[in-house]
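I have placed the structure first, in the form of structure tokens, so that the comments after it can refer back to it.
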Amino acid sequence: MKKFLLLSVTFLFGLFASASAQTLSPLGVWTNAEKKATFEIYKCGDKLCGKIVSLTVPNDAAGKPKTDTQNPEPKLRTRPRLGMVFMNGFEYDESNKWDDGKIYDPETGKTYSCYMKMLNANTMEVKGYIGFSLIGKSQTWTRIK
């Protein structure tokens with residue numbers, strides 16, 4: 001009977017531990033270290049996506065709203081940066097990490113594989129990479145909302 005009770009308690013503790021492992025959510029509004037923009041991470045189907053919700057400098061030198069001028073597809077170069085979905089396809093992996101996503105950099109026109117990992121409730125690591133995630137560029141994002 002003691003073994004059964006111990007197993008039951010251990011099992012329940014394991015369930016609570018695994019349920020609490022996904023308690024940190026990236027859903028919300030974030031900014032990066034440069035604070036050039038704010039980004040909203042939201043659900044898109046059963047995955048997570050991200051869009052640009054504000055720009056510190058929303059207009060170009062001519063005073064017009066910034067567009068996706070560096071996009072490799074000419075027909076997309078006139079789309080506005082504000083409101084642009086630049087992150088998509090993120091699925092929960094483990095330990096507060098969302099992986100298998102893509103991130104687009106409108107300043108260079110390049111798209112990278114990406115993951116997001118929650119460091120705490122208001123900070124996350126966003127890493128874009130080509131090929132292996134060991135090599136790439138990480139940013140720390142801070143939650144605004």
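In the structure tokens, chains take letters A, B, ... by order of appearance, with residues numbered from 1 within each chain and ligands from 1 in the order shown.
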
I want to know what sits within 6 Å of A:Ile103, based on only C-alpha atoms, with residues of the same chain fewer than 3 positions away left out; could you give that as a list of chain:residue names?
A:Phe86, A:Met87, A:Thr111, A:Tyr112, A:Cys114

A:Lys145, A:Lys66, A:Lys110, A:Arg81: which is nearest A:Trp30, counting only C-alpha atoms?
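The shortest atom-to-atom distance to A:Trp30 comes from A:Lys145.
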
Find the residue from A:Glu40, A:Gly45, A:Thr69, A:Met116 that sits nearest to A:Lys97; use only C-alpha atoms when measuring.
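Comparing A:Glu40, A:Gly45, A:Thr69, A:Met116 against A:Lys97, the winner is A:Met116.
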
Would you mind reading off the distance between atom CA of A:Lys35 and atom CA of A:Asn59, one decimal, in Å?
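Separation of atom CA of A:Lys35 and atom CA of A:Asn59: 15.7 Å.
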
When DSSP is applied to the backbone of this structure, which of chain A are assigned strand (DSSP E)? Write them out as a ChimeraX atom specification.
/A:28-31,37-44,47-55,85-94,97-105,110-120,123-129,136-143

With a distance cut-off of 8 Å and only C-alpha atoms, select the neighbouring residues of A:Ser113, excluding the residue or stretch itself and same-chain residues fewer than 6 positions from it, and output the selection as number ranges by chain.
A: 100-103, 128-131

Apply DSSP to the structure's backbone, then extract all residues of chain A labelled alpha helix (DSSP H) and return them as a list in words.
Lys2, Lys3, Phe4, Leu5, Leu6, Leu7, Ser8, Val9, Thr10, Phe11, Leu12, Phe13, Gly14, Leu15, Phe16, Ala17, Ser18, Ala19 and Ser20 of chain A

Expected file contents, prior selection, all heavy atoms, as a compact mmCIF listing (two decimals), in the first residue's frame:
```txt
# COMPACT_ATOMS: atom_id res chain seq x y z
N LYS A 2 1.97 1.23 0.77
CA LYS A 2 2.86 2.38 0.81
C LYS A 2 3.48 2.63 -0.57
O LYS A 2 3.65 3.76 -0.98
CB LYS A 2 3.95 2.19 1.86
CG LYS A 2 3.45 2.33 3.27
CD LYS A 2 4.60 2.20 4.25
CE LYS A 2 4.10 2.31 5.67
NZ LYS A 2 5.18 2.19 6.63
N LYS A 3 3.83 1.53 -1.25
CA LYS A 3 4.42 1.68 -2.59
C LYS A 3 3.42 2.30 -3.54
O LYS A 3 3.76 3.17 -4.34
CB LYS A 3 4.88 0.32 -3.13
CG LYS A 3 6.12 -0.19 -2.50
CD LYS A 3 6.54 -1.48 -3.15
CE LYS A 3 7.79 -2.03 -2.49
NZ LYS A 3 8.20 -3.28 -3.10
N PHE A 4 2.16 1.87 -3.45
CA PHE A 4 1.12 2.43 -4.31
C PHE A 4 0.94 3.92 -4.04
O PHE A 4 0.84 4.73 -4.96
CB PHE A 4 -0.20 1.67 -4.11
CG PHE A 4 -1.33 2.26 -4.90
CD1 PHE A 4 -1.40 2.08 -6.28
CD2 PHE A 4 -2.29 3.04 -4.28
CE1 PHE A 4 -2.43 2.63 -7.01
CE2 PHE A 4 -3.33 3.60 -5.01
CZ PHE A 4 -3.40 3.40 -6.39
N LEU A 5 0.89 4.29 -2.78
CA LEU A 5 0.73 5.68 -2.39
C LEU A 5 1.92 6.52 -2.87
O LEU A 5 1.77 7.59 -3.43
CB LEU A 5 0.57 5.80 -0.87
CG LEU A 5 0.29 7.19 -0.33
CD1 LEU A 5 -0.98 7.78 -0.94
CD2 LEU A 5 0.17 7.16 1.17
N LEU A 6 3.11 5.98 -2.69
CA LEU A 6 4.32 6.68 -3.13
C LEU A 6 4.32 6.83 -4.65
O LEU A 6 4.63 7.90 -5.17
CB LEU A 6 5.58 5.92 -2.66
CG LEU A 6 6.91 6.56 -3.03
CD1 LEU A 6 7.02 7.96 -2.40
CD2 LEU A 6 8.06 5.70 -2.57
N LEU A 7 3.95 5.78 -5.37
CA LEU A 7 3.87 5.86 -6.83
C LEU A 7 2.83 6.88 -7.26
O LEU A 7 3.05 7.64 -8.20
CB LEU A 7 3.53 4.48 -7.42
CG LEU A 7 4.70 3.62 -7.80
CD1 LEU A 7 4.23 2.22 -8.19
CD2 LEU A 7 5.47 4.22 -8.95
N SER A 8 1.69 6.90 -6.61
CA SER A 8 0.62 7.85 -6.95
C SER A 8 1.08 9.28 -6.73
O SER A 8 0.86 10.15 -7.58
CB SER A 8 -0.63 7.57 -6.12
OG SER A 8 -1.13 6.30 -6.41
N VAL A 9 1.71 9.53 -5.60
CA VAL A 9 2.20 10.88 -5.30
C VAL A 9 3.27 11.28 -6.31
O VAL A 9 3.27 12.40 -6.83
CB VAL A 9 2.72 10.96 -3.86
CG1 VAL A 9 3.45 12.27 -3.61
CG2 VAL A 9 1.58 10.80 -2.87
N THR A 10 4.17 10.37 -6.62
CA THR A 10 5.23 10.64 -7.60
C THR A 10 4.63 10.94 -8.97
O THR A 10 5.04 11.88 -9.66
CB THR A 10 6.21 9.45 -7.68
OG1 THR A 10 6.71 9.19 -6.38
CG2 THR A 10 7.35 9.74 -8.63
N PHE A 11 3.64 10.16 -9.36
CA PHE A 11 2.98 10.36 -10.66
C PHE A 11 2.30 11.72 -10.71
O PHE A 11 2.44 12.47 -11.67
CB PHE A 11 1.96 9.23 -10.91
CG PHE A 11 1.18 9.41 -12.17
CD1 PHE A 11 1.76 9.18 -13.41
CD2 PHE A 11 -0.15 9.83 -12.13
CE1 PHE A 11 1.04 9.36 -14.57
CE2 PHE A 11 -0.88 10.01 -13.28
CZ PHE A 11 -0.29 9.77 -14.51
N LEU A 12 1.54 12.06 -9.66
CA LEU A 12 0.86 13.35 -9.61
C LEU A 12 1.85 14.51 -9.62
O LEU A 12 1.65 15.51 -10.30
CB LEU A 12 -0.05 13.44 -8.39
CG LEU A 12 -1.31 12.59 -8.46
CD1 LEU A 12 -2.05 12.65 -7.12
CD2 LEU A 12 -2.21 13.06 -9.57
N PHE A 13 2.94 14.38 -8.88
CA PHE A 13 3.97 15.41 -8.89
C PHE A 13 4.54 15.58 -10.29
O PHE A 13 4.75 16.70 -10.75
CB PHE A 13 5.08 15.08 -7.89
CG PHE A 13 6.16 16.11 -7.86
CD1 PHE A 13 5.94 17.35 -7.25
CD2 PHE A 13 7.39 15.88 -8.46
CE1 PHE A 13 6.93 18.31 -7.24
CE2 PHE A 13 8.38 16.85 -8.45
CZ PHE A 13 8.14 18.07 -7.83
N GLY A 14 4.77 14.47 -10.98
CA GLY A 14 5.27 14.51 -12.36
C GLY A 14 4.30 15.22 -13.29
O GLY A 14 4.70 16.00 -14.15
N LEU A 15 3.00 14.97 -13.11
CA LEU A 15 1.99 15.65 -13.93
C LEU A 15 2.00 17.15 -13.67
O LEU A 15 1.96 17.95 -14.60
CB LEU A 15 0.60 15.09 -13.63
CG LEU A 15 0.23 13.76 -14.27
CD1 LEU A 15 -1.17 13.34 -13.83
CD2 LEU A 15 0.29 13.84 -15.77
N PHE A 16 2.05 17.54 -12.40
CA PHE A 16 2.08 18.97 -12.08
C PHE A 16 3.35 19.62 -12.59
O PHE A 16 3.32 20.73 -13.09
CB PHE A 16 1.95 19.20 -10.57
CG PHE A 16 0.58 18.90 -10.04
CD1 PHE A 16 0.41 18.05 -8.97
CD2 PHE A 16 -0.55 19.45 -10.62
CE1 PHE A 16 -0.85 17.77 -8.48
CE2 PHE A 16 -1.82 19.18 -10.15
CZ PHE A 16 -1.97 18.33 -9.07
N ALA A 17 4.46 18.93 -12.49
CA ALA A 17 5.73 19.49 -12.97
C ALA A 17 5.69 19.68 -14.47
O ALA A 17 6.13 20.70 -14.99
CB ALA A 17 6.89 18.58 -12.57
N SER A 18 5.16 18.70 -15.22
CA SER A 18 5.12 18.85 -16.67
C SER A 18 4.10 19.89 -17.08
O SER A 18 4.29 20.60 -18.06
CB SER A 18 4.83 17.50 -17.35
OG SER A 18 3.53 17.07 -17.04
N ALA A 19 3.00 20.02 -16.34
CA ALA A 19 2.01 21.04 -16.65
C ALA A 19 2.58 22.43 -16.39
O ALA A 19 2.32 23.36 -17.14
CB ALA A 19 0.74 20.82 -15.83
N SER A 20 3.36 22.57 -15.33
CA SER A 20 3.92 23.89 -15.03
C SER A 20 5.10 24.22 -15.92
O SER A 20 5.50 25.36 -16.01
CB SER A 20 4.34 23.96 -13.57
OG SER A 20 5.42 23.08 -13.32
```

Tell me which protein, DNA and RNA residues are within 7 Å of A:Thr140, counting only C-alpha atoms, leaving out same-chain ones fewer than 3 positions away, and put them as JSON, numbers by chain.
{"A": [32, 33, 123, 124, 125, 126]}

Atoms to include: C-alpha atoms. Write the selected residues as a PDB file, in the first residue's frame.
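Written file, selection.pdb:
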```pdb
ATOM      1  CA  ASN A  32      14.092  43.885 -28.746  1.00  0.00           C
ATOM      2  CA  ALA A  33      17.223  45.471 -27.267  1.00  0.00           C
ATOM      3  CA  THR A 123      12.166  37.984 -21.091  1.00  0.00           C
ATOM      4  CA  MET A 124      12.775  35.607 -23.964  1.00  0.00           C
ATOM      5  CA  GLU A 125      15.623  34.599 -26.219  1.00  0.00           C
ATOM      6  CA  VAL A 126      14.869  34.756 -29.939  1.00  0.00           C
TER       7      VAL A 126
END
```

Tell me which of A:Asp93, A:Leu134, A:Ala121, A:Ala37 sits closest to A:Val57, counting only C-alpha atoms.
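Checking each candidate against A:Val57, we get A:Ala37 as the closest.
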
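From atom CA of A:Phe132 back to atom CA of A:Thr31, the distance works out to 25.0 Å.
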
Nearby residues (only C-alpha atoms) at most 9 Å from A:Cys44, same-chain spacing under 5 positions excluded, as a list in words:
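Here the answer would be Cys49, Asn88 and Gly89 of chain A.
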
At a cut-off of 9 Å, using only C-alpha atoms, what residues contact A:Tyr92? Leave out same-chain residues fewer than 3 positions from it and give the result as a ChimeraX atom specification.
/A:22,47-48,95-100

Output file for the residues above (N, CA, C and O atoms, as a short mmCIF file (atom, residue, chain, number, x, y, z; two decimals), in the first residue's frame):
```cif
data_model
loop_
_atom_site.label_atom_id
_atom_site.label_comp_id
_atom_site.auth_asym_id
_atom_site.auth_seq_id
_atom_site.Cartn_x
_atom_site.Cartn_y
_atom_site.Cartn_z
N GLN A 22 5.13 24.44 -19.03
CA GLN A 22 4.69 25.27 -20.13
C GLN A 22 3.91 26.49 -19.63
O GLN A 22 3.11 27.05 -20.33
N LYS A 47 -0.23 27.06 -34.13
CA LYS A 47 1.16 27.52 -34.02
C LYS A 47 1.19 28.96 -33.54
O LYS A 47 0.16 29.56 -33.30
N LEU A 48 2.38 29.51 -33.42
CA LEU A 48 2.53 30.91 -33.04
C LEU A 48 3.14 31.70 -34.19
O LEU A 48 3.98 31.18 -34.93
N SER A 95 10.33 22.68 -22.37
CA SER A 95 11.01 23.61 -21.47
C SER A 95 10.84 25.07 -21.89
O SER A 95 11.81 25.81 -22.02
N ASN A 96 9.60 25.48 -22.14
CA ASN A 96 9.29 26.86 -22.52
C ASN A 96 9.99 27.31 -23.79
O ASN A 96 10.38 28.47 -23.93
N LYS A 97 10.13 26.40 -24.74
CA LYS A 97 10.77 26.69 -26.02
C LYS A 97 9.82 26.39 -27.16
O LYS A 97 9.19 25.34 -27.20
N TRP A 98 9.71 27.35 -28.08
CA TRP A 98 8.93 27.18 -29.30
C TRP A 98 9.91 27.14 -30.45
O TRP A 98 10.75 28.04 -30.59
N ASP A 99 9.81 26.10 -31.27
CA ASP A 99 10.84 25.85 -32.29
C ASP A 99 10.18 25.64 -33.66
O ASP A 99 8.97 25.69 -33.80
N ASP A 100 11.02 25.38 -34.64
CA ASP A 100 10.60 25.09 -36.02
C ASP A 100 9.93 26.27 -36.70
O ASP A 100 9.16 26.11 -37.64
#
```

Exercise: A:Ser54 partners within 8 Å, only C-alpha atoms, chain neighbours under 5 positions left out, as a ChimeraX atom specification
/A:37-39,82-83

Check the smallest atom-to-atom distance from each of A:Pro58, A:Gly109, A:Ile135, A:Ile52 to A:Glu73 using only C-alpha atoms, then report the winner.
A:Gly109

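Here the question is which of A:Pro26, A:Pro106, A:Pro80, A:Gly136 gets nearest to A:Lys64 using only C-alpha atoms, and that residue is A:Pro80.
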
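Remark: for A:Ser25, the closest of the candidate residues A:Val53, A:Lys137, A:Lys127, A:Leu119 is A:Leu119 (distances computed over only C-alpha atoms).
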
Between atom CA of A:Glu94 and atom CA of A:Thr23, what distance in Å does the model show, to one decimal?
11.2 Å
